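Below: the structure, in structure tokens.
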Amino acid sequence: MSDIHTVSGSRGLQQREDLIFETGCVNKTGVDLPKPKGVKPRLGGVARKRPTDLPGLSEPEAVRHYVRLSQKNYAIDLGLFPLGSCTMKHNPRLNEKVARMPGFADIHPLQPQSTVQGALEMIDQLATWLKTLTGMPAVAMSPKAGAHGEFCGMMAIRRALMARGEIETRTRVLVPASAHGTNPATAVQCGFKVDEIKADKRGRVDMEDFKAKLEDSSDIAGIMLTNPNTCGLFETDIREIADLIHAAGGYFYCDGANFNAIVGRVRPGDLGVDAMHINLHKTFSTPHGGGGPGAGPTVLSEALADYAPVPFVVKDEDGFHLVEETKGEGEDAFGRLCAFHGQMSMFTRALTYMLSHGADGLKQAAEDAVLNANYIQARLKKVMTPAFDGYCMHEALFSDAFTAEGIETLDIAKALIDEGYHPMTMYFPLVVHGAMLIEPTETESKAELDRFCDALAAIAERAASGDESLKGAPYLAPMRRLDETQAARKPVLRWVPPEPESLAAE
Amino acid sequence: MRYLPLTPEDRKAMLAVTGAASIDDFYADVPEAARLGGKIDGLPDHQGELAVERHMAALAGKNRTASEGRFFVGCGAYKHHVPATVDHIIQRSEFLTTYTPYQPEIAQGTLQTLFEFQSQVAALTAMDVANASMYDGSTACAEAALMACRVTRRRRVVLSGGLHPHYASATRTVCEAQGIEVVQLPPAVDGELALSDAVNDKTACVIGQSPNVFGTVTDLTPVSEAAHADGALLVSVFTETVALGMVTPPGEMGADIAVGEGQSIGNALNFGGPYVGLFATNQKHVRQMPGRLCGETQDADGQRGFVLTLSTREQHIRRDKATSNICTNAGLCTLAFTAHMTLLGDKGLTQLATLNHEAACLLADALEEVKGVEILTPRFFNEFAFRVPGNAEAVLAELDELGVIGGVRASRLFPGKKLDDVIIACATECTTEEDIAVYAEALREVL
């Protein structure tokens, strides 16, 4: 099939599409604007010397450009997207409609607060949902993504240690080896140093190693622990971990990336958590959008609540208002994380989703997510190697132990593409060899799961038998495997005009 | 529940396959004391689309939109017209409901648009390279300060008095956590050049803004020369991308890092987010950049394609030694930006910038004629500061009653800095001559 040559470079519905820099031109535009009036400028001569050289396209050309490109993407709306730890669930379209209501989309962050009471109330309602679902007394709404929420939580811990006069001495943060890379990166960005804890044979925190790290606890600032963890497992000893870290004078940061597995079944506040970010794009279905924007509101315990960043919403007899200054009500705040008040149009989507599901539906969603993952684990454990014994939470983790020599996790992932699926998360978490982390989410039907399991089981059998054709996969995607080494060795990060022919010929 | 495909029969059959007696078996690792019995108290049960839409519409209805009245608010977020095509494109399922392009064979749509975005930002800022975006302008600014410290191996950052105070505050937050000294120059309408005197041989970077938060446009070339003489970098900030269609871009002023807010192109006001942070630098500093980068390569058949690259800078590879903890970009907002910019092209952008500038000039002309008003910003693009007799907050409240949202009081951004009589007003292509006339008349009435 792939050896049929076409003159156009297109292949049926897959249209070849060049860069806008190759198809557009500087004197073409897809907008009709009124003619300038010729008003005397007041720029004081601080004017551009050279044109931007930005190419323009007419509207039909632009629409076609992006639609053609879109057709080279896989998406949840096309099929199961089992990226473990990423929670690729259905994105309800009502959320999109609500986010675009002019009353939310067409309001400015600095217009008078009396004119945005509905927006502030909306933030307050979402905050109430988040606090209630987590059993935590406070929430910082401004973090712009999960990693930003981690930063927020760890900064609150930093500020609390400052208030205790211990910021100079308490500098060590414990992070499990299985942690997402953002955890150690965040700890360092907050001025802490990272001390890695081992995982035990069950995929949980190695309690002996953990306790050994606390023997001299005078420099302990806290722990960053994901729960359910990145192996898709609930940390069995979480309560003891919380108690020990508190007894050591430290704080418990919980990475809430996997909160979707436990909503309505467990409240992190009951587990001794001091701070936890919530990825609204995971648990609460805001769209992933090709890599963002996210939103990472961060719930805080009583011990950290006062140190939440500005701004935050408070309610008094005059209605809602924003505390924007680090004095008065915001006196203890650690500062500001970003301009304005957070990812508003993600808030509207998340609240819409929560209201749609309700307390009963959110719990059911968590349970279905966990059931779906366990179903996949049960169906595939005969042909693949589960990384750990027992049930999983919302994602099933396999190692590459079942593959024949020479066949890697990468080959299995790429073969899934030919079967019409996005691959699972590969090589993460790092504590499992050749890790394959599969998260189906609750929005897949049994029929979809069966179809996926049939496809993956067949690939797993080929991998076990050493089928070399896997090394060349994918064969049926818009592109074959891409050379990532070349991209990194000689980075080409922007379009540059081709050399004039006379020079190129030399 | 409409978002859950499993039927009770499915659940039963699936449980049987797993060997579990009930769903509770999966939660057996949860400490007993922390297990919730029934539903969480205090939250309503599920509702249909109509009921949810009504609830949300009622909240939306309590806000006054920028399109409803005479609207002159800027300072980091701008009311612009976004072509209908842009929202259509970003709602394509294949863009909206996909993830970070980790599997390039089935993500060329996202990757090619990121490559085009990076190329557009580089061209716009007149810098060598741009990344695939940061959360917003303010966090891009904070990351630029950290990057400058890595590049220079120094730990002192100087912020101009015209830098947006939220940007300054976000930058202070990340710098203080790492023990980096932050020097803040006092608020100044036209004080960017004072950065030249504040730089020394311990300075990692000076951060200046043009147009600055008071609207003042400044050629920062003398600042970059002073900074470079001391081995420091110039970080050049802008909050209004449309300005770059007309004013001197960072790369023409010797900037080493250019950061800005891209909201104006393709993105609605959204009460402050999500927006799209632009981040560009010169070739030699590429490996110290934070954030995602998309690069060109080839596939096994020799076809041109794109991949995420230089990820050895990033947290998922480098963990505690990463250049940043950032793990996402502004994804869909980036797509909105690049689609709008593609519709504009240089021709459209230049025209749009001119219309913005002309609207602001006409607004300044009209307000200047009101007795008691003093325009403070000497050179501006589409916003400027002016002084009113008395208290700006009271003046704005009275204007509001006359249907005019007249701008941002400087004291909201600079509390306690004796700027109680200063208003910062903005005009864009959405501002009509009638809007301007009504504003001037209302101000005359109020003062």
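Ligands are numbered from 1 in the order shown, residues from 1 within each chain, and chains are lettered A, B, ... in the order they appear in the structure tokens.
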Report as a list in words all protein, DNA and RNA residues lying within 9 Å of region 397-399 of chain B, evaluated on only C-alpha atoms, omitting residues in the same chain fewer than 3 positions from it. Pro112 of chain A; Ala392, Glu393, Ala394, Leu402, Gly403, Val404, Ile405, Gly406, Tyr439, Ala442, Leu443, Glu445 and Val446 of chain B
Write out as JSON, numbers by chain which residues come within 10 Å of Gln91 (chain B) when counting only C-alpha atoms, dropping same-chain ones fewer than 2 positions away. {"A": [93, 96, 289], "B": [86, 87, 88, 89, 93, 94, 95, 96, 97, 332, 336]}
Set the distance at 8 Å and use only C-alpha atoms: which residues neighbour Lys89 (chain A) once local chain neighbours fewer than 2 positions away are removed? I'd like the list as a VMD selection string. chain A and resid 76 81 87 91 282 285 440 to 443
If we count only C-alpha atoms, what is near Leu363 (chain B) at a cut-off of 10 Å, once residues fewer than 5 positions away on the same chain are taken out, given as a list of chain:residue names?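 Once the adjacent positions are removed, what remains is B:Phe72, B:His357, B:Glu358, B:Glu368, B:Asn382, B:Glu383, B:Phe384, B:Ala425, B:Cys426, B:Ala427, B:Thr431, B:Thr432, B:Glu433, B:Asp435, B:Ile436, B:Ala437, B:Tyr439, B:Ala440.
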Using only C-alpha atoms, can you tell me which of B:Cys149, B:Ala385, B:Val276, B:Leu310 comes closest to chain A? B:Leu310
